[in-house]
$ cat coords-v4.cif   # mmCIF, C-alpha atoms and all ligand atoms
data_input
#
loop_
_atom_site.label_atom_id
_atom_site.label_comp_id
_atom_site.auth_asym_id
_atom_site.auth_seq_id
_atom_site.Cartn_x
_atom_site.Cartn_y
_atom_site.Cartn_z
CA MET H 419 115.59 74.30 62.89
CA ARG H 420 113.75 77.56 63.26
CA LEU H 421 113.97 77.27 67.04
CA ARG H 422 117.69 76.69 66.85
CA LEU H 423 118.06 79.79 64.69
CA ALA H 424 116.04 81.79 67.17
CA VAL H 425 118.24 80.60 70.02
CA LEU H 426 121.32 81.45 68.02
CA SER H 427 120.11 84.92 67.24
CA ILE H 428 119.22 85.56 70.88
CA LEU H 429 122.72 84.42 71.78
CA ALA H 430 124.21 86.67 69.12
CA LEU H 431 122.14 89.57 70.41
CA SER H 432 123.24 88.98 73.98
CA ILE H 433 126.89 88.96 72.88
CA LEU H 434 126.37 92.33 71.25
CA VAL H 435 124.53 93.75 74.22
CA ALA H 436 126.94 92.42 76.81
CA CYS H 437 130.17 93.54 75.24
CA ALA H 438 128.68 96.52 73.44
CA LEU H 439 131.36 96.49 70.78
CA PRO H 440 130.35 97.40 67.26
CA ALA H 441 129.28 94.50 65.06
CA PRO H 442 132.13 93.00 63.03
CA SER H 443 132.90 95.29 60.14
CA ALA H 444 131.48 94.76 56.68
CA PRO H 445 133.66 92.91 54.17
CA ALA H 446 136.56 95.08 53.09
CA ASN H 447 135.47 97.78 50.69
CA PRO H 448 137.83 99.74 48.41
CA LEU H 449 138.22 102.53 50.99
CA VAL H 450 139.14 100.15 53.82
CA MET H 451 141.47 98.17 51.55
CA LEU H 452 143.24 101.37 50.58
CA GLY H 453 143.51 102.36 54.24
CA ALA H 454 144.97 98.97 55.14
CA ARG H 455 147.61 99.40 52.45
CA LEU H 456 148.45 102.97 53.46
CA PHE H 457 148.74 101.87 57.11
CA ARG H 458 151.64 99.65 55.97
CA GLU H 459 153.10 102.18 53.50
CA ARG H 460 156.59 103.43 54.41
CA ARG H 461 156.55 105.88 51.48
CA LEU H 462 154.06 107.87 53.58
CA SER H 463 156.94 108.97 55.81
CA GLY H 464 159.28 111.81 54.88
CA ASN H 465 162.34 109.60 54.47
CA GLY H 466 160.48 106.46 53.40
CA ALA H 467 161.63 104.63 56.53
CA GLN H 468 158.47 104.17 58.58
CA ALA H 469 154.81 103.23 58.33
CA CYS H 470 152.03 103.34 60.92
CA VAL H 471 152.36 99.58 61.28
CA ASP H 472 155.94 99.86 62.52
CA CYS H 473 154.66 101.35 65.79
CA HIS H 474 151.29 99.59 65.75
CA GLN H 475 152.08 95.94 64.99
CA PRO H 476 149.12 93.55 64.67
CA ALA H 477 150.94 90.72 66.52
CA LEU H 478 151.42 93.01 69.55
CA ALA H 479 147.77 94.07 69.52
CA PHE H 480 148.87 97.08 67.43
CA THR H 481 151.57 98.29 69.83
CA ASP H 482 155.37 98.17 69.35
CA GLY H 483 156.83 96.60 72.48
CA ARG H 484 158.97 99.67 73.22
CA PRO H 485 158.78 101.86 76.33
CA THR H 486 158.39 104.93 74.11
CA ALA H 487 158.06 105.19 70.34
CA LEU H 488 161.00 105.50 67.95
CA GLY H 489 160.30 107.84 65.02
CA SER H 490 161.40 107.57 61.39
CA THR H 491 164.39 109.86 61.91
CA GLY H 492 165.57 108.08 65.05
CA GLU H 493 163.97 110.52 67.48
CA VAL H 494 162.80 108.76 70.62
CA GLY H 495 159.37 110.00 71.66
CA VAL H 496 158.01 110.47 75.15
CA ARG H 497 154.91 108.27 74.93
CA ASN H 498 154.20 104.57 74.78
CA SER H 499 152.43 103.44 71.57
CA PRO H 500 148.87 102.41 72.48
CA SER H 501 146.89 99.56 70.93
CA LEU H 502 144.66 100.55 68.02
CA LEU H 503 142.10 97.82 68.65
CA ASN H 504 138.61 99.31 69.08
CA VAL H 505 140.04 102.76 68.59
CA GLY H 506 136.96 103.64 66.53
CA ILE H 507 134.78 103.68 69.64
CA LEU H 508 137.08 105.70 71.90
CA PRO H 509 135.54 109.13 72.50
CA VAL H 510 138.95 110.76 72.86
CA LEU H 511 142.37 109.70 71.58
CA GLY H 512 145.93 109.96 72.87
CA TRP H 513 147.35 109.71 76.40
CA ALA H 514 146.63 113.35 77.18
CA ARG H 515 145.12 114.97 74.11
CA PRO H 516 141.52 115.92 74.94
CA ASP H 517 141.45 117.86 71.65
CA LEU H 518 141.79 114.67 69.56
CA THR H 519 138.25 113.38 69.19
CA SER H 520 138.41 111.88 65.68
CA LEU H 521 140.72 109.44 63.95
CA GLU H 522 141.12 111.93 61.14
CA ALA H 523 142.39 114.61 63.53
CA GLN H 524 144.65 112.09 65.24
CA ALA H 525 146.33 110.88 62.02
CA ILE H 526 147.77 114.37 61.49
CA VAL H 527 149.92 113.88 64.61
CA PRO H 528 152.08 110.88 63.56
CA LEU H 529 152.21 112.07 59.96
CA PHE H 530 153.10 115.73 60.39
CA GLY H 531 154.01 116.11 64.06
CA THR H 532 157.40 117.59 64.87
CA HIS H 533 157.45 117.19 68.68
CA PRO H 534 158.50 114.42 68.34
CA VAL H 535 159.02 113.61 64.66
CA GLU H 536 157.29 110.32 63.95
CA MET H 537 156.68 109.83 60.22
CA GLY H 538 158.21 113.20 59.36
CA ALA H 539 155.86 114.09 56.52
CA ALA H 540 155.97 117.80 57.36
CA GLY H 541 157.85 119.56 54.57
CA ALA H 542 157.65 116.47 52.36
CA GLU H 543 153.91 116.73 51.64
CA GLN H 544 154.30 117.16 47.89
CA SER H 545 157.04 114.60 47.36
CA ILE H 546 155.05 111.97 49.25
CA LEU H 547 152.02 112.61 47.02
CA ASP H 548 154.31 112.43 43.97
CA ARG H 549 155.61 109.05 45.13
CA LEU H 550 152.13 107.65 45.52
CA ARG H 551 150.91 109.14 42.23
CA ALA H 552 153.87 107.52 40.43
CA ASP H 553 152.99 104.11 41.84
CA PRO H 554 151.53 101.70 39.25
CA THR H 555 148.41 100.92 41.29
CA TYR H 556 147.71 103.68 43.84
CA PRO H 557 146.01 106.14 41.44
CA GLN H 558 143.53 103.46 40.42
CA GLN H 559 143.03 102.35 44.01
CA PHE H 560 142.33 105.92 45.17
CA ALA H 561 139.88 106.43 42.29
CA ALA H 562 138.03 103.27 43.32
CA ALA H 563 137.94 104.35 46.97
CA PHE H 564 136.77 107.90 46.16
CA PRO H 565 134.63 107.50 43.04
CA ASN H 566 133.03 110.95 43.45
CA ASP H 567 136.23 112.91 43.95
CA PRO H 568 137.66 114.10 40.63
CA LYS H 569 140.88 115.54 42.17
CA PRO H 570 144.07 113.45 41.83
CA LEU H 571 145.01 111.63 45.02
CA HIS H 572 145.48 114.00 47.94
CA TRP H 573 146.10 114.11 51.69
CA GLU H 574 142.49 114.36 52.80
CA GLN H 575 141.84 111.07 51.02
CA ILE H 576 144.88 109.44 52.60
CA ILE H 577 143.64 110.43 56.03
CA SER H 578 140.03 109.33 55.37
CA ALA H 579 141.25 105.94 54.15
CA LEU H 580 143.51 105.43 57.17
CA ALA H 581 140.64 106.31 59.51
CA ALA H 582 138.21 104.00 57.64
CA TYR H 583 140.68 101.14 58.06
CA GLU H 584 141.25 101.92 61.74
CA ARG H 585 137.49 101.75 62.34
CA THR H 586 137.59 98.11 61.21
CA LEU H 587 140.10 97.20 63.94
CA VAL H 588 137.40 95.82 66.17
CA SER H 589 138.09 93.06 68.65
CA GLY H 590 135.85 91.13 70.98
CA THR H 591 136.94 87.52 70.80
CA SER H 592 138.48 87.15 74.25
CA PRO H 593 137.47 84.62 76.92
CA TYR H 594 136.11 87.64 78.82
CA ASP H 595 133.74 88.37 75.91
CA ARG H 596 132.48 84.80 75.96
CA TRP H 597 131.99 85.12 79.73
CA LEU H 598 129.97 88.30 79.22
CA ALA H 599 127.89 86.34 76.73
CA ARG H 600 127.06 83.95 79.57
CA ASP H 601 129.48 81.16 78.68
CA THR H 602 130.21 80.12 82.26
CA THR H 603 133.13 77.95 81.14
CA ALA H 604 134.95 80.84 79.44
CA LEU H 605 136.91 82.01 82.49
CA SER H 606 139.07 79.81 84.71
CA ALA H 607 138.30 79.88 88.44
CA ALA H 608 141.37 82.09 88.90
CA ALA H 609 140.24 84.54 86.22
CA GLN H 610 136.76 84.68 87.78
CA ARG H 611 138.26 85.49 91.18
CA GLY H 612 140.49 88.08 89.46
CA LEU H 613 137.45 89.71 87.84
CA ARG H 614 135.63 89.85 91.19
CA LEU H 615 138.66 91.35 92.89
CA PHE H 616 139.08 93.86 90.06
CA GLN H 617 135.54 95.03 90.82
CA GLU H 618 135.80 94.83 94.61
CA VAL H 619 138.99 96.85 95.02
CA GLY H 620 137.64 99.60 92.77
CA CYS H 621 139.63 99.18 89.55
CA THR H 622 136.31 99.61 87.74
CA ALA H 623 136.03 103.18 89.03
CA CYS H 624 138.24 103.98 86.03
CA HIS H 625 138.59 100.76 84.01
CA SER H 626 134.90 100.26 83.18
CA GLY H 627 132.74 99.63 80.12
CA PRO H 628 133.44 97.45 77.10
CA LEU H 629 137.07 98.58 76.76
CA LEU H 630 137.72 98.74 80.51
CA THR H 631 138.29 102.46 80.39
CA ASN H 632 135.97 105.36 81.12
CA SER H 633 138.29 107.64 79.10
CA SER H 634 138.79 110.04 82.02
CA TYR H 635 142.17 111.44 83.09
CA HIS H 636 143.93 110.49 86.33
CA ASN H 637 147.25 110.69 88.11
CA VAL H 638 148.13 107.23 89.44
CA GLY H 639 151.08 108.46 91.53
CA LEU H 640 153.98 107.36 89.33
CA TYR H 641 156.12 110.43 90.14
CA ASN H 642 156.39 113.23 92.66
CA LEU H 643 159.66 114.98 91.91
CA ASP H 644 159.16 118.09 94.02
CA GLY H 645 156.78 117.11 96.82
CA ARG H 646 154.00 118.86 94.92
CA GLY H 647 153.46 115.96 92.54
CA ALA H 648 155.66 117.04 89.59
CA TYR H 649 156.13 114.55 86.75
CA PRO H 650 159.33 114.59 84.64
CA THR H 651 159.68 117.23 81.91
CA GLY H 652 157.57 116.34 78.90
CA GLN H 653 155.55 113.89 81.00
CA ALA H 654 153.18 116.28 82.72
CA GLY H 655 150.10 114.87 80.96
CA LEU H 656 146.94 116.95 80.98
CA TYR H 657 148.85 119.76 82.72
CA GLU H 658 150.68 120.38 79.44
CA VAL H 659 147.32 121.19 77.86
CA THR H 660 145.57 123.10 80.65
CA GLY H 661 148.41 124.53 82.79
CA GLN H 662 146.30 123.75 85.87
CA ALA H 663 148.28 122.34 88.83
CA ARG H 664 145.58 119.76 89.53
CA ASP H 665 146.12 118.25 86.05
CA MET H 666 149.79 117.39 86.72
CA GLY H 667 150.48 113.76 85.77
CA ARG H 668 146.94 113.06 84.67
CA PHE H 669 146.72 110.68 81.72
CA ARG H 670 143.79 109.02 80.00
CA VAL H 671 142.81 105.69 81.56
CA PRO H 672 144.04 103.09 79.04
CA SER H 673 141.89 100.27 77.69
CA LEU H 674 142.86 96.96 79.27
CA ARG H 675 141.79 94.81 76.35
CA ASN H 676 144.72 92.65 75.23
CA VAL H 677 146.76 94.17 78.05
CA ALA H 678 148.81 90.97 78.41
CA ARG H 679 150.17 91.70 74.90
CA THR H 680 150.87 95.42 75.21
CA ALA H 681 153.90 95.61 77.55
CA PRO H 682 155.56 97.78 78.63
CA TYR H 683 152.96 99.83 80.50
CA TYR H 684 151.97 103.39 81.36
CA HIS H 685 152.16 106.51 79.22
CA ASP H 686 155.97 106.35 79.30
CA GLY H 687 156.40 102.57 79.28
CA SER H 688 157.98 102.76 82.72
CA ALA H 689 156.50 99.49 84.02
CA ALA H 690 157.92 96.41 82.31
CA THR H 691 155.30 93.90 83.43
CA LEU H 692 151.74 93.66 84.70
CA SER H 693 153.19 92.50 87.99
CA ASP H 694 155.05 95.83 88.24
CA VAL H 695 151.74 97.63 87.63
CA LEU H 696 150.15 95.66 90.47
CA ASP H 697 153.03 96.74 92.74
CA VAL H 698 152.08 100.36 92.02
CA TYR H 699 148.42 99.79 92.90
CA ALA H 700 149.41 97.81 96.02
CA ALA H 701 151.53 100.70 97.30
CA GLY H 702 149.08 103.38 96.16
CA GLY H 703 151.73 104.86 93.85
CA ARG H 704 155.40 104.45 93.03
CA GLY H 705 158.29 105.82 95.12
CA THR H 706 157.53 109.30 96.38
CA GLY H 707 154.48 109.30 94.08
CA VAL H 708 152.68 107.51 96.93
CA ASN H 709 152.55 110.86 98.74
CA SER H 710 151.72 112.98 95.72
CA PRO H 711 149.15 115.64 96.61
CA VAL H 712 147.69 115.44 93.09
CA LYS H 713 147.33 111.66 92.95
CA SER H 714 143.79 110.42 92.33
CA PRO H 715 142.01 110.05 95.70
CA ALA H 716 140.63 106.70 94.45
CA LEU H 717 144.09 105.12 94.75
CA ALA H 718 144.62 104.11 98.38
CA PRO H 719 147.11 101.26 98.96
CA ILE H 720 145.61 97.77 98.52
CA THR H 721 146.80 94.56 100.18
CA PHE H 722 147.15 91.82 97.56
CA THR H 723 147.91 88.26 98.66
CA PRO H 724 150.05 86.20 96.24
CA GLN H 725 146.82 84.46 95.27
CA ASP H 726 145.12 87.82 94.53
CA ARG H 727 147.98 88.78 92.23
CA ALA H 728 147.86 85.46 90.38
CA ASP H 729 144.07 85.86 90.03
CA LEU H 730 144.34 89.39 88.64
CA LEU H 731 146.99 88.24 86.15
CA ALA H 732 144.68 85.38 85.10
CA PHE H 733 141.91 87.93 84.57
CA PHE H 734 144.23 90.14 82.48
CA ALA H 735 145.16 87.11 80.35
CA ALA H 736 141.45 86.47 79.74
CA LEU H 737 141.23 89.92 78.11
CA SER H 738 143.37 88.73 75.17
CA ASP H 739 141.51 88.27 71.91
CA GLU H 740 141.74 84.84 70.37
CA LEU H 741 141.47 86.40 66.91
CA LEU H 742 143.26 89.61 66.07
CA PRO H 743 142.72 91.54 62.83
CA PRO H 744 145.67 90.73 60.52
C1 LIG J 801 156.85 106.40 65.80
C2 LIG J 801 155.80 105.50 66.20
C3 LIG J 801 154.41 105.78 65.69
C4 LIG J 801 154.00 105.85 64.37
C5 LIG J 801 154.85 105.75 63.12
C6 LIG J 801 152.57 105.99 64.41
N1 LIG J 801 152.13 106.01 65.70
FE1 LIG J 801 150.21 106.10 66.32
N2 LIG J 801 150.83 106.41 68.20
C7 LIG J 801 152.14 106.39 68.64
C8 LIG J 801 152.21 106.91 69.99
C9 LIG J 801 153.46 107.07 70.82
C10 LIG J 801 150.90 107.25 70.36
C11 LIG J 801 150.46 107.93 71.64
C12 LIG J 801 150.71 109.42 71.46
C13 LIG J 801 150.21 110.28 72.57
O1 LIG J 801 149.15 110.01 73.11
O2 LIG J 801 150.87 111.27 72.90
C14 LIG J 801 150.06 106.91 69.21
C15 LIG J 801 148.67 107.05 69.21
C16 LIG J 801 147.87 106.70 68.15
C17 LIG J 801 146.43 106.70 68.18
C18 LIG J 801 145.57 106.97 69.40
C19 LIG J 801 145.26 105.66 70.10
C20 LIG J 801 144.53 105.84 71.40
O3 LIG J 801 144.33 104.86 72.12
O4 LIG J 801 144.16 106.95 71.74
C21 LIG J 801 146.01 106.36 66.93
C22 LIG J 801 144.58 106.22 66.46
C23 LIG J 801 147.19 106.18 66.11
N3 LIG J 801 148.31 106.37 66.90
C24 LIG J 801 147.18 105.88 64.76
C25 LIG J 801 148.32 105.97 63.96
C26 LIG J 801 148.29 106.02 62.51
C27 LIG J 801 147.05 106.00 61.64
C28 LIG J 801 149.59 106.11 62.10
C29 LIG J 801 150.12 106.28 60.71
C30 LIG J 801 149.64 107.47 60.00
C31 LIG J 801 150.41 106.08 63.31
N4 LIG J 801 149.60 106.01 64.40
C32 LIG J 801 151.79 106.11 63.29
C33 LIG J 801 153.20 105.96 67.89
C34 LIG J 801 153.23 105.92 66.51
C1 LIG J 802 141.57 106.53 89.46
C2 LIG J 802 141.52 105.80 88.20
C3 LIG J 802 142.14 104.41 88.16
C4 LIG J 802 141.90 103.35 88.99
C5 LIG J 802 140.97 103.27 90.17
C6 LIG J 802 142.70 102.25 88.47
N1 LIG J 802 143.39 102.66 87.37
FE1 LIG J 802 144.61 101.50 86.25
N2 LIG J 802 145.18 103.14 85.19
C7 LIG J 802 144.68 104.42 85.35
C8 LIG J 802 145.44 105.35 84.56
C9 LIG J 802 145.19 106.84 84.44
C10 LIG J 802 146.47 104.61 83.96
C11 LIG J 802 147.59 105.18 83.08
C12 LIG J 802 148.54 105.97 83.98
C13 LIG J 802 149.76 106.50 83.26
O1 LIG J 802 150.14 105.96 82.24
O2 LIG J 802 150.34 107.48 83.77
C14 LIG J 802 146.27 103.22 84.36
C15 LIG J 802 147.03 102.15 83.93
C16 LIG J 802 146.77 100.82 84.22
C17 LIG J 802 147.43 99.69 83.62
C18 LIG J 802 148.48 99.77 82.53
C19 LIG J 802 147.83 99.72 81.17
C20 LIG J 802 148.69 100.18 80.03
O3 LIG J 802 148.37 99.82 78.88
O4 LIG J 802 149.66 100.93 80.24
C21 LIG J 802 146.90 98.56 84.18
C22 LIG J 802 147.25 97.12 83.85
C23 LIG J 802 145.94 98.99 85.16
N3 LIG J 802 145.87 100.37 85.14
C24 LIG J 802 145.21 98.15 86.00
C25 LIG J 802 144.47 98.59 87.08
C26 LIG J 802 144.02 97.76 88.17
C27 LIG J 802 144.30 96.27 88.31
C28 LIG J 802 143.35 98.56 89.03
C29 LIG J 802 142.76 98.20 90.38
C30 LIG J 802 143.69 97.67 91.35
C31 LIG J 802 143.36 99.89 88.47
N4 LIG J 802 144.06 99.87 87.30
C32 LIG J 802 142.75 101.00 89.05
C33 LIG J 802 143.61 104.77 86.16
C34 LIG J 802 143.09 103.97 87.15
#
$ encode --input "coords-v4.cif" --output "structure tokens"
Amino acid sequence: MRLRLAVLSILALSILVACALPAPSAPANPLVMLGARLFRERRLSGNGAQACVDCHQPALAFTDGRPTALGSTGEVGVRNSPSLLNVGILPVLGWARPDLTSLEAQAIVPLFGTHPVEMGAAGAEQSILDRLRADPTYPQQFAAAFPNDPKPLHWEQIISALAAYERTLVSGTSPYDRWLARDTTALSAAAQRGLRLFQEVGCTACHSGPLLTNSSYHNVGLYNLDGRGAYPTGQAGLYEVTGQARDMGRFRVPSLRNVARTAPYYHDGSAATLSDVLDVYAAGGRGTGVNSPVKSPALAPITFTPQDRADLLAFFAALSDELLPP
């Protein structure tokens, strides 16, 4: 009995070490429960039409299935909604927002941002608080979540609760995780070949670590509108932040966990399928982007056989969690 326990705990330890994801979160506490409710709360938007969950749907690994997001007022944004799974361990958030290094700082963007308007809370700050304060259960729920804060419910609390909930969105139940934990039956032969190929052709130069991203910024050659590597207006990536020519079209390397569930792909949702993404890597870019002078030097064309493609797709499928947070 004791031996079996010891074996189990070694196994548990090796799972943690191999996938390096945080341990499953503690049972929901009042703060997390409040955050989970607020995440689904449409009254948090200016016109009461949209909640975080509308763009980050659990069944789609917390994405929305659209090329680019649709805000509460009908404004179509310029970025694809990323998954929120494991967002608590990302060192930097957003497709090209090196300034967003905490979930609290990030939450300000969908709530109050005006370029584009997402939840449209800017200008409606007080009326949103009034709505929540008038609710039969929120005041009590906030008091339970913030027992040492005597002020009536306020925005800082809303943001802390949302962030606390987001930190519980941990995943690590994919076949790939079981493989990392030395379950040699976890990956099909095709997925194993896909994983090897993924390493051999250099995908891991950028898609590395537990979330298959090193959180660096790269231009993968999607556009080259002017021969100097220009991306479309509003899609210039890191360049919009730094103004440096070399940052044109550079976006943060996305996590590939649950990637089979997060179509469409890229910062602007301009690839409908994973097969389309493989076409881009095969050609070393897309269209004239192949010859972009600011494309990452790591992205030379790659010859994929039909078998290679099927293997890579099998590997991607093995990155899907079997259990997703509700
Ligand atoms: C209108 C759709 C929409 C709504 C509503 C929305 N988001 Fe997002 N979310 C996005 C898009 C698009 C991005 C990527 C933005 C970017 O990088 O420019 C994003 C990015 C994020 C990120 C960063 C993820 C990463 O991988 O870096 C977090 C965290 C996040 N949203 C949380 C929230 C929370 C919390 C709410 C509610 C307060 C919310 N979102 C509401 C569309 C939305
Ligand atoms: C030089 C860094 C780099 C290398 C090497 C690289 N990628 Fe990427 N990958 C990125 C970046 C950056 C993006 C996002 C680009 C954008 O949206 O403009 C991306 C996007 C993706 C996506 C879409 C994910 C999503 O959610 O939108 C997939 C799938 C992908 N890469 C797979 C691969 C595969 C397979 C390889 C190897 C053949 C590879 N990558 C090599 C940097 C890299």
$ residues_near_ligand --input "coords-v4.cif" --ligand "ligand LIG 801 (chain J)" --cutoff "7 Å" --atoms "all atoms listed in the file" --output "PyMOL selection string"
chain H and resi 457+468-474+486-490+495+497-502+505+510-515+521+524-525+528-529+536-537+580-581
$ write_last_selection --input "coords-v4.cif" --atoms "C-alpha atoms" --output "tab-separated table (two decimals), in the frame of the given file"
chain	number	residue	atom	x	y	z
H	457	PHE	CA	148.74	101.87	57.11
H	468	GLN	CA	158.47	104.17	58.58
H	469	ALA	CA	154.81	103.23	58.33
H	470	CYS	CA	152.03	103.34	60.92
H	471	VAL	CA	152.36	99.58	61.28
H	472	ASP	CA	155.94	99.86	62.52
H	473	CYS	CA	154.66	101.35	65.79
H	474	HIS	CA	151.29	99.59	65.75
H	486	THR	CA	158.39	104.93	74.11
H	487	ALA	CA	158.06	105.19	70.34
H	488	LEU	CA	161.00	105.50	67.95
H	489	GLY	CA	160.30	107.84	65.02
H	490	SER	CA	161.40	107.57	61.39
H	495	GLY	CA	159.37	110.00	71.66
H	497	ARG	CA	154.91	108.27	74.93
H	498	ASN	CA	154.20	104.57	74.78
H	499	SER	CA	152.43	103.44	71.57
H	500	PRO	CA	148.87	102.41	72.48
H	501	SER	CA	146.89	99.56	70.93
H	502	LEU	CA	144.66	100.55	68.02
H	505	VAL	CA	140.04	102.76	68.59
H	510	VAL	CA	138.95	110.76	72.86
H	511	LEU	CA	142.37	109.70	71.58
H	512	GLY	CA	145.93	109.96	72.87
H	513	TRP	CA	147.35	109.71	76.40
H	514	ALA	CA	146.63	113.35	77.18
H	515	ARG	CA	145.12	114.97	74.11
H	521	LEU	CA	140.72	109.44	63.95
H	524	GLN	CA	144.65	112.09	65.24
H	525	ALA	CA	146.33	110.88	62.02
H	528	PRO	CA	152.08	110.88	63.56
H	529	LEU	CA	152.21	112.07	59.96
H	536	GLU	CA	157.29	110.32	63.95
H	537	MET	CA	156.68	109.83	60.22
H	580	LEU	CA	143.51	105.43	57.17
H	581	ALA	CA	140.64	106.31	59.51
$ closest_atom_pairs --input "coords-v4.cif" --of "chain H" --to "ligand LIG 802 (chain J)" --cutoff "8 Å" --atoms "only C-alpha atoms and all ligand atoms" --output "tab-separated table"
residue	atom	partner	partner_atom	distance
H:Asn498	CA	J:LIG802	O4	8.0
H:Pro500	CA	J:LIG802	O3	6.9
H:Trp513	CA	J:LIG802	O1	7.5
H:Phe616	CA	J:LIG802	C29	5.7
H:Gln617	CA	J:LIG802	C29	7.9
H:Val619	CA	J:LIG802	C30	6.0
H:Gly620	CA	J:LIG802	C5	5.6
H:Cys621	CA	J:LIG802	C29	3.4
H:Thr622	CA	J:LIG802	C5	6.4
H:Ala623	CA	J:LIG802	C5	5.1
H:Cys624	CA	J:LIG802	C2	4.3
H:His625	CA	J:LIG802	N1	6.2
H:Ser634	CA	J:LIG802	C9	7.6
H:Tyr635	CA	J:LIG802	C9	5.7
H:His636	CA	J:LIG802	C9	4.3
H:Asn637	CA	J:LIG802	C9	5.7
H:Val638	CA	J:LIG802	C12	5.6
H:Gly639	CA	J:LIG802	O2	7.9
H:Leu640	CA	J:LIG802	O2	6.6
H:Gly655	CA	J:LIG802	O2	7.9
H:Gly667	CA	J:LIG802	O2	6.6
H:Arg668	CA	J:LIG802	C9	6.5
H:Phe669	CA	J:LIG802	C9	4.9
H:Arg670	CA	J:LIG802	C9	5.1
H:Val671	CA	J:LIG802	C9	3.9
H:Pro672	CA	J:LIG802	O3	5.4
H:Ser673	CA	J:LIG802	O3	6.6
H:Leu674	CA	J:LIG802	C19	6.0
H:Val677	CA	J:LIG802	O3	5.9
H:Thr680	CA	J:LIG802	O3	6.3
H:Ala681	CA	J:LIG802	O3	7.1
H:Pro682	CA	J:LIG802	O4	6.9
H:Tyr683	CA	J:LIG802	O4	3.5
H:Tyr684	CA	J:LIG802	O1	3.3
H:His685	CA	J:LIG802	O1	3.7
H:Asp686	CA	J:LIG802	O1	6.5
H:Gly687	CA	J:LIG802	O4	7.0
H:Ala689	CA	J:LIG802	O4	7.9
H:Leu692	CA	J:LIG802	C22	5.7
H:Val695	CA	J:LIG802	C22	5.9
H:Leu696	CA	J:LIG802	C27	6.3
H:Tyr699	CA	J:LIG802	C30	5.4
H:Ala700	CA	J:LIG802	C30	7.4
H:Ser714	CA	J:LIG802	C1	5.3
H:Pro715	CA	J:LIG802	C1	7.2
H:Ala716	CA	J:LIG802	C1	5.1
H:Leu717	CA	J:LIG802	C5	5.8
H:Ile720	CA	J:LIG802	C30	7.4
H:Leu730	CA	J:LIG802	C27	6.9
H:Phe734	CA	J:LIG802	C22	7.7
$ write_last_selection --input "coords-v4.cif" --atoms "C-alpha atoms" --output "short mmCIF file (atom, residue, chain, number, x, y, z; two decimals), in the frame of the given file"
data_model
loop_
_atom_site.label_atom_id
_atom_site.label_comp_id
_atom_site.auth_asym_id
_atom_site.auth_seq_id
_atom_site.Cartn_x
_atom_site.Cartn_y
_atom_site.Cartn_z
CA ASN H 498 154.20 104.57 74.78
CA PRO H 500 148.87 102.41 72.48
CA TRP H 513 147.35 109.71 76.40
CA PHE H 616 139.08 93.86 90.06
CA GLN H 617 135.54 95.03 90.82
CA VAL H 619 138.99 96.85 95.02
CA GLY H 620 137.64 99.60 92.77
CA CYS H 621 139.63 99.18 89.55
CA THR H 622 136.31 99.61 87.74
CA ALA H 623 136.03 103.18 89.03
CA CYS H 624 138.24 103.98 86.03
CA HIS H 625 138.59 100.76 84.01
CA SER H 634 138.79 110.04 82.02
CA TYR H 635 142.17 111.44 83.09
CA HIS H 636 143.93 110.49 86.33
CA ASN H 637 147.25 110.69 88.11
CA VAL H 638 148.13 107.23 89.44
CA GLY H 639 151.08 108.46 91.53
CA LEU H 640 153.98 107.36 89.33
CA GLY H 655 150.10 114.87 80.96
CA GLY H 667 150.48 113.76 85.77
CA ARG H 668 146.94 113.06 84.67
CA PHE H 669 146.72 110.68 81.72
CA ARG H 670 143.79 109.02 80.00
CA VAL H 671 142.81 105.69 81.56
CA PRO H 672 144.04 103.09 79.04
CA SER H 673 141.89 100.27 77.69
CA LEU H 674 142.86 96.96 79.27
CA VAL H 677 146.76 94.17 78.05
CA THR H 680 150.87 95.42 75.21
CA ALA H 681 153.90 95.61 77.55
CA PRO H 682 155.56 97.78 78.63
CA TYR H 683 152.96 99.83 80.50
CA TYR H 684 151.97 103.39 81.36
CA HIS H 685 152.16 106.51 79.22
CA ASP H 686 155.97 106.35 79.30
CA GLY H 687 156.40 102.57 79.28
CA ALA H 689 156.50 99.49 84.02
CA LEU H 692 151.74 93.66 84.70
CA VAL H 695 151.74 97.63 87.63
CA LEU H 696 150.15 95.66 90.47
CA TYR H 699 148.42 99.79 92.90
CA ALA H 700 149.41 97.81 96.02
CA SER H 714 143.79 110.42 92.33
CA PRO H 715 142.01 110.05 95.70
CA ALA H 716 140.63 106.70 94.45
CA LEU H 717 144.09 105.12 94.75
CA ILE H 720 145.61 97.77 98.52
CA LEU H 730 144.34 89.39 88.64
CA PHE H 734 144.23 90.14 82.48
#
$ atom_distance --input "coords-v4.cif" --atom1 "CA of Val712 in chain H" --atom2 "CA of Leu656 in chain H"
12.2 Å
$ atom_distance --input "coords-v4.cif" --atom1 "CA of Leu630 in chain H" --atom2 "CA of Arg675 in chain H"
7.0 Å
$ residues_around --input "coords-v4.cif" --residues "Ala561 in chain H" --least-positions-apart "5" --cutoff "12 Å" --atoms "all atoms listed in the file" --output "ChimeraX atom specification"
/H:448-449,452,551,555-556,566-572,575-576,579
$ write_last_selection --input "coords-v4.cif" --atoms "C-alpha atoms" --output "short mmCIF file (atom, residue, chain, number, x, y, z; two decimals), in the coordinates of the input"
data_model
loop_
_atom_site.label_atom_id
_atom_site.label_comp_id
_atom_site.auth_asym_id
_atom_site.auth_seq_id
_atom_site.Cartn_x
_atom_site.Cartn_y
_atom_site.Cartn_z
CA PRO H 448 137.83 99.74 48.41
CA LEU H 449 138.22 102.53 50.99
CA LEU H 452 143.24 101.37 50.58
CA ARG H 551 150.91 109.14 42.23
CA THR H 555 148.41 100.92 41.29
CA TYR H 556 147.71 103.68 43.84
CA ASN H 566 133.03 110.95 43.45
CA ASP H 567 136.23 112.91 43.95
CA PRO H 568 137.66 114.10 40.63
CA LYS H 569 140.88 115.54 42.17
CA PRO H 570 144.07 113.45 41.83
CA LEU H 571 145.01 111.63 45.02
CA HIS H 572 145.48 114.00 47.94
CA GLN H 575 141.84 111.07 51.02
CA ILE H 576 144.88 109.44 52.60
CA ALA H 579 141.25 105.94 54.15
#
